[in-house]
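Participant: One structure, as C-alpha cells, below. Some questions next.
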Amino acid sequence: PARWKARFGSVTFNQYAVDWPWAGMNELGLVGAGLMMRWAEYSEPGQQPSVFILQWLQYQLDRFSSVSEVIAHVSEIRIRPVSPKSGVHYFFCDRSGDAAVVDIIDGKINVYHGDSLPVQVMANDPYASSLVYLKRIKGFGGTLPISYSNLSNDRFVRAADGIRKFSPKNFPEAIDTAFDVLDTMAMKSHPRISTQWQIVFALKENQIYYRTRSDSTRRDIDMGMLDFSCSDSIRIRE
C-alpha cells in the first residue's frame, strides 16, 4: 500500500468512509471527482505502491495544487479495484480553468487535457466514446436531436449543451445555472441508482454549494472559514 503525508487539507464528499471520496476540493482550489465507469481496467499488481480507486482521488487532493501537477504525477501510484467489476474514472479542474479527464482502460492511463479535451464534461462512459457520440448530435457536428434518456452518453450531451449555453450575468446566477445543468443530467426515475447529490465548486470564490436527494435545500461551505492545520481534527457532516 502507498503511504504519504498530506500537503493540503480538503473538503470531500464520501459515500463509504473517510479518505474514500467521490468528489472534493482542496484548500488551493484543486477539484477532483470520480464517476463509475465499468470499462475501467487497471494494471496488474507489481512492485509499485497502490491504493483503492477512491483513495487515489484523495491522494491527488492531498498532494497537488493544480491539474498540471496531477498529470505530471498521474502514474506515481497504482490503482487497484475493490472488486473485478468496480471501475471509476476521474475529472480534475483548478482555479486557472485548466481541466483533465483520466480514464484507465486495459491497464493504460489515458489523460484527456488541452486539445484532447474539447468539452470539459464527463459522464459514465469512457471520454473518447462519449466524444464520438457527441459529434453525432445537432449543434455539435451531427444531425441527431438531443435525447433525454438516462443513458450515460445522452447525459454527457446534455451537460455539453448546458456548458455551451452557459452565460450567467452574475455570480448568484452562475450558481443557479450550474445546478440547472446538473438537473439535466440527474437520474431521477431509476429505482436503484438515482442521483444522490449535486455539488457546485466555485473555485475562485473558494466556496462549495451542494444539495442531496434526501434534502433539496441548497447548503454551502466557505473554505476560507475552515482550519486545515494538522492540530485540528477531521470534521464530518452527515
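Letters for chains follow the order of the C-alpha cells (A, B, ...), residue numbers begin at 1 for each chain, and ligand numbers begin at 1 in the order shown.
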Using only C-alpha atoms, what does the table of stretch 13-132 of chain A residues within 10 Å of stretch 202-217 of chain A look like, with each row giving the shortest atom pair and its distance in Å to one decimal, sorted by chain and ascending number, as a Markdown table?

Facilitator:
```
| residue | atom | partner | partner_atom | distance |
| --- | --- | --- | --- | --- |
| A:Phe13 | CA | A:Tyr210 | CA | 9.9 |
| A:Gly24 | CA | A:Ile208 | CA | 9.2 |
| A:Met25 | CA | A:Ile208 | CA | 8.4 |
| A:Asn26 | CA | A:Asn206 | CA | 9.6 |
| A:Glu27 | CA | A:Asn206 | CA | 8.1 |
| A:Leu28 | CA | A:Asn206 | CA | 8.6 |
| A:Gly29 | CA | A:Leu203 | CA | 5.6 |
| A:Leu30 | CA | A:Leu203 | CA | 8.0 |
| A:Val31 | CA | A:Leu203 | CA | 8.1 |
| A:Cys93 | CA | A:Leu203 | CA | 9.0 |
| A:Asp94 | CA | A:Leu203 | CA | 7.0 |
| A:Arg95 | CA | A:Leu203 | CA | 5.4 |
| A:Ser96 | CA | A:Lys204 | CA | 8.6 |
| A:Gly97 | CA | A:Leu203 | CA | 9.0 |
```

Participant: Identify, on the basis of only C-alpha atoms, every residue whose closest approach to A:Leu117 does not exceed 9 Å; exclude the query and any residue fewer than 6 positions from it along the same chain; express the result as a PyMOL selection string.

Facilitator: chain A and resi 99-101+111+127

Participant: Can you write out the residues you just picked, keeping N, CA, C and O atoms, as a compact mmCIF listing (two decimals), in the first residue's frame?

Facilitator:
```
# COMPACT_ATOMS: atom_id res chain seq x y z
N ALA A 99 -8.40 21.81 -16.93
CA ALA A 99 -9.18 20.61 -16.60
C ALA A 99 -8.59 19.40 -17.29
O ALA A 99 -7.86 19.52 -18.29
N ALA A 100 -8.91 18.22 -16.77
CA ALA A 100 -8.44 16.97 -17.37
C ALA A 100 -9.37 15.84 -16.97
O ALA A 100 -9.99 15.87 -15.91
N VAL A 101 -9.48 14.85 -17.85
CA VAL A 101 -10.18 13.60 -17.55
C VAL A 101 -9.14 12.49 -17.58
O VAL A 101 -8.27 12.45 -18.47
N VAL A 111 -5.01 10.24 -20.44
CA VAL A 111 -5.27 11.59 -19.94
C VAL A 111 -5.77 12.46 -21.08
O VAL A 111 -5.10 12.59 -22.12
N TYR A 127 -14.33 8.71 -21.95
CA TYR A 127 -14.43 10.04 -22.54
C TYR A 127 -14.36 9.97 -24.07
O TYR A 127 -15.12 10.66 -24.76
```

Participant: So which bits of stretch 24-143 of chain A end up helix (DSSP H, G or I) when you DSSP the backbone, as a list in words?

Facilitator: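 Selecting the helix (DSSP H, G or I) positions of stretch 24-143 of chain A gives Ile53, Leu54, Gln55, Trp56, Leu57, Gln58, Tyr59, Gln60, Leu61, Asp62, Arg63, Val67, Ser68, Glu69, Val70, Ile71, Ala72, Gly114, Asp115, Ser116, Tyr127, Ala128, Ser129, Ser130, Leu131, Val132, Tyr133 and Leu134 of chain A.
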
Participant: If you measure from atom CA of A:Val119 to atom CA of A:Met37, what distance in Å do you get, rounded to one decimal?

Facilitator: 18.2 Å

Participant: Go through A:Ile146, A:Gln48, A:Leu134, A:Gly9 one by one, measure the shortest atom-to-atom distance of each to A:Ser231 using only C-alpha atoms, and give the residue with the smallest value.

Facilitator: A:Gly9

Participant: Given only C-alpha atoms as the basis, pick out the residue of A:Ser130, A:Gln198, A:Ser66, A:Ser147 nearest to A:Arg218.

Facilitator: A:Gln198

Participant: Please identify the strand (DSSP E or B) residues within stretch 60-175 of chain A (assignment by DSSP from backbone atoms) and present them as number ranges by chain.

Facilitator: A: 78-80, 88-93, 99-105, 108-113, 137-138, 142, 144

Participant: Using only C-alpha atoms, determine which residues lie at most 12 Å from A:Asp19, disregarding the query and same-chain residues fewer than 4 positions distant; provide the list as a PyMOL selection string.

Facilitator: chain A and resi 6+9-15+23-24+51-62+234+236

Participant: Env of A:Arg158: 12 Å cut, atoms = only C-alpha atoms, seq-sep filter 5 positions within chain, self excluded. Answer as a PyMOL selection string.

Facilitator: chain A and resi 119+121-123+130+133-134+137-140+145-153+163-165+180-186

Participant: For N, CA and C atoms, I'd like the residues from the last selection saved as a PDB file, in the first residue's frame.

Facilitator:
```
ATOM      1  N   VAL A 119     -14.408  19.287 -24.785  1.00  0.00           N
ATOM      2  CA  VAL A 119     -15.586  19.529 -23.955  1.00  0.00           C
ATOM      3  C   VAL A 119     -15.246  19.109 -22.527  1.00  0.00           C
ATOM      4  N   VAL A 121     -16.463  17.948 -19.825  1.00  0.00           N
ATOM      5  CA  VAL A 121     -17.623  17.252 -19.273  1.00  0.00           C
ATOM      6  C   VAL A 121     -17.259  15.770 -19.146  1.00  0.00           C
ATOM      7  N   MET A 122     -17.857  15.086 -18.178  1.00  0.00           N
ATOM      8  CA  MET A 122     -17.643  13.650 -18.039  1.00  0.00           C
ATOM      9  C   MET A 122     -18.930  13.010 -17.532  1.00  0.00           C
ATOM     10  N   ALA A 123     -19.254  11.816 -18.060  1.00  0.00           N
ATOM     11  CA  ALA A 123     -20.381  11.034 -17.543  1.00  0.00           C
ATOM     12  C   ALA A 123     -19.848   9.655 -17.164  1.00  0.00           C
ATOM     13  N   SER A 130     -17.681   8.913 -25.545  1.00  0.00           N
ATOM     14  CA  SER A 130     -18.689   9.959 -25.352  1.00  0.00           C
ATOM     15  C   SER A 130     -18.498  11.087 -26.356  1.00  0.00           C
ATOM     16  N   TYR A 133     -19.848  10.075 -29.706  1.00  0.00           N
ATOM     17  CA  TYR A 133     -21.308  10.161 -29.696  1.00  0.00           C
ATOM     18  C   TYR A 133     -21.756  11.620 -29.812  1.00  0.00           C
ATOM     19  N   LEU A 134     -21.073  12.521 -29.115  1.00  0.00           N
ATOM     20  CA  LEU A 134     -21.439  13.935 -29.137  1.00  0.00           C
ATOM     21  C   LEU A 134     -21.410  14.500 -30.553  1.00  0.00           C
ATOM     22  N   ILE A 137     -24.560  14.622 -32.692  1.00  0.00           N
ATOM     23  CA  ILE A 137     -25.693  15.409 -32.219  1.00  0.00           C
ATOM     24  C   ILE A 137     -25.754  16.763 -32.939  1.00  0.00           C
ATOM     25  N   LYS A 138     -26.958  17.201 -33.242  1.00  0.00           N
ATOM     26  CA  LYS A 138     -27.153  18.503 -33.875  1.00  0.00           C
ATOM     27  C   LYS A 138     -26.600  19.617 -32.996  1.00  0.00           C
ATOM     28  N   GLY A 139     -25.841  20.500 -33.605  1.00  0.00           N
ATOM     29  CA  GLY A 139     -25.186  21.569 -32.863  1.00  0.00           C
ATOM     30  C   GLY A 139     -23.749  21.244 -32.513  1.00  0.00           C
ATOM     31  N   PHE A 140     -23.384  19.958 -32.632  1.00  0.00           N
ATOM     32  CA  PHE A 140     -22.011  19.519 -32.352  1.00  0.00           C
ATOM     33  C   PHE A 140     -21.405  18.811 -33.561  1.00  0.00           C
ATOM     34  N   PRO A 145     -31.142  14.672 -32.729  1.00  0.00           N
ATOM     35  CA  PRO A 145     -31.601  15.588 -31.679  1.00  0.00           C
ATOM     36  C   PRO A 145     -31.065  15.160 -30.308  1.00  0.00           C
ATOM     37  N   ILE A 146     -31.061  16.095 -29.375  1.00  0.00           N
ATOM     38  CA  ILE A 146     -30.655  15.776 -28.005  1.00  0.00           C
ATOM     39  C   ILE A 146     -31.700  14.868 -27.368  1.00  0.00           C
ATOM     40  N   SER A 147     -31.235  13.777 -26.777  1.00  0.00           N
ATOM     41  CA  SER A 147     -32.127  12.824 -26.117  1.00  0.00           C
ATOM     42  C   SER A 147     -32.128  13.080 -24.606  1.00  0.00           C
ATOM     43  N   TYR A 148     -33.248  12.782 -23.968  1.00  0.00           N
ATOM     44  CA  TYR A 148     -33.368  12.986 -22.524  1.00  0.00           C
ATOM     45  C   TYR A 148     -33.471  11.654 -21.779  1.00  0.00           C
ATOM     46  N   SER A 149     -32.792  10.649 -22.308  1.00  0.00           N
ATOM     47  CA  SER A 149     -32.760   9.347 -21.652  1.00  0.00           C
ATOM     48  C   SER A 149     -31.764   9.360 -20.493  1.00  0.00           C
ATOM     49  N   ASN A 150     -31.765   8.289 -19.710  1.00  0.00           N
ATOM     50  CA  ASN A 150     -30.820   8.142 -18.606  1.00  0.00           C
ATOM     51  C   ASN A 150     -29.472   7.584 -19.049  1.00  0.00           C
ATOM     52  N   LEU A 151     -29.327   7.259 -20.326  1.00  0.00           N
ATOM     53  CA  LEU A 151     -28.076   6.700 -20.810  1.00  0.00           C
ATOM     54  C   LEU A 151     -26.927   7.691 -20.605  1.00  0.00           C
ATOM     55  N   SER A 152     -25.760   7.146 -20.294  1.00  0.00           N
ATOM     56  CA  SER A 152     -24.604   7.986 -19.972  1.00  0.00           C
ATOM     57  C   SER A 152     -24.273   8.972 -21.083  1.00  0.00           C
ATOM     58  N   ASN A 153     -24.201   8.493 -22.327  1.00  0.00           N
ATOM     59  CA  ASN A 153     -23.817   9.393 -23.422  1.00  0.00           C
ATOM     60  C   ASN A 153     -24.844  10.502 -23.647  1.00  0.00           C
ATOM     61  N   ILE A 163     -23.090  23.532 -20.873  1.00  0.00           N
ATOM     62  CA  ILE A 163     -21.837  24.297 -20.792  1.00  0.00           C
ATOM     63  C   ILE A 163     -21.729  25.262 -21.968  1.00  0.00           C
ATOM     64  N   ARG A 164     -22.137  24.818 -23.144  1.00  0.00           N
ATOM     65  CA  ARG A 164     -22.067  25.663 -24.346  1.00  0.00           C
ATOM     66  C   ARG A 164     -22.946  26.903 -24.206  1.00  0.00           C
ATOM     67  N   LYS A 165     -24.083  26.763 -23.531  1.00  0.00           N
ATOM     68  CA  LYS A 165     -25.032  27.866 -23.379  1.00  0.00           C
ATOM     69  C   LYS A 165     -24.800  28.670 -22.105  1.00  0.00           C
ATOM     70  N   ASP A 180     -28.846  24.034 -12.546  1.00  0.00           N
ATOM     71  CA  ASP A 180     -29.781  23.703 -13.625  1.00  0.00           C
ATOM     72  C   ASP A 180     -29.157  22.690 -14.589  1.00  0.00           C
ATOM     73  N   VAL A 181     -27.865  22.879 -14.898  1.00  0.00           N
ATOM     74  CA  VAL A 181     -27.173  21.936 -15.777  1.00  0.00           C
ATOM     75  C   VAL A 181     -27.106  20.557 -15.118  1.00  0.00           C
ATOM     76  N   LEU A 182     -26.801  20.535 -13.816  1.00  0.00           N
ATOM     77  CA  LEU A 182     -26.764  19.261 -13.104  1.00  0.00           C
ATOM     78  C   LEU A 182     -28.134  18.581 -13.106  1.00  0.00           C
ATOM     79  N   ASP A 183     -29.183  19.387 -13.030  1.00  0.00           N
ATOM     80  CA  ASP A 183     -30.533  18.820 -13.077  1.00  0.00           C
ATOM     81  C   ASP A 183     -30.798  18.106 -14.399  1.00  0.00           C
ATOM     82  N   THR A 184     -30.262  18.645 -15.489  1.00  0.00           N
ATOM     83  CA  THR A 184     -30.486  17.999 -16.786  1.00  0.00           C
ATOM     84  C   THR A 184     -29.793  16.642 -16.865  1.00  0.00           C
ATOM     85  N   MET A 185     -28.760  16.442 -16.039  1.00  0.00           N
ATOM     86  CA  MET A 185     -28.014  15.180 -16.047  1.00  0.00           C
ATOM     87  C   MET A 185     -28.519  14.189 -15.004  1.00  0.00           C
ATOM     88  N   ALA A 186     -29.307  14.663 -14.040  1.00  0.00           N
ATOM     89  CA  ALA A 186     -29.683  13.826 -12.899  1.00  0.00           C
ATOM     90  C   ALA A 186     -30.513  12.629 -13.323  1.00  0.00           C
TER      91      ALA A 186
END
```

Participant: Can you tell me which residues surround A:Val102 at a distance of at most 9 Å, considering only C-alpha atoms, apart from same-chain residues fewer than 2 positions away, and format the answer as a list in words?

Facilitator: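 So, after excluding close chain neighbours, the residues are Ile71, Val74, His89, Tyr90, Phe91, Phe92, Ala100, Ile104, Ile109, Asn110, Val111, Tyr112, His113 and Tyr127 of chain A.
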
Participant: Identify which of the residues A:Arg63, A:Arg38, A:Lys169, A:Lys188 lies closest to A:Pro126, counting only C-alpha atoms when measuring atom-to-atom distances.

Facilitator: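 Closest candidate: A:Arg38.
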
Participant: Considering only C-alpha atoms, can you say which of A:Val18, A:Leu144, A:Val82, A:Glu69 comes closest to A:Arg235?

Facilitator: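 Smallest distance to A:Arg235 is found for A:Val18.
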
Participant: May I ask which of the residues A:Phe201, A:Ala159, A:Gln196, A:Ser116 is the closest one to A:Gly32, counting only C-alpha atoms?

Facilitator: A:Phe201

Participant: Just the number, please: distance in Å from atom CA of A:Phe179 to atom CA of A:Met225, one decimal.

Facilitator: 23.5 Å

Participant: Using only C-alpha atoms, which residue out of A:Pro168, A:Val88, A:Gly46, A:Ser65 lies closest to A:Ala33?

Facilitator: A:Val88

Participant: Can you tell me, as an MDAnalysis selection string, what residues are no more than 12 Å from A:Cys230 when counting only C-alpha atoms, ignoring any on the same chain fewer than 2 positions away?

Facilitator: chainID A and resid 5:9 227:228 232:234
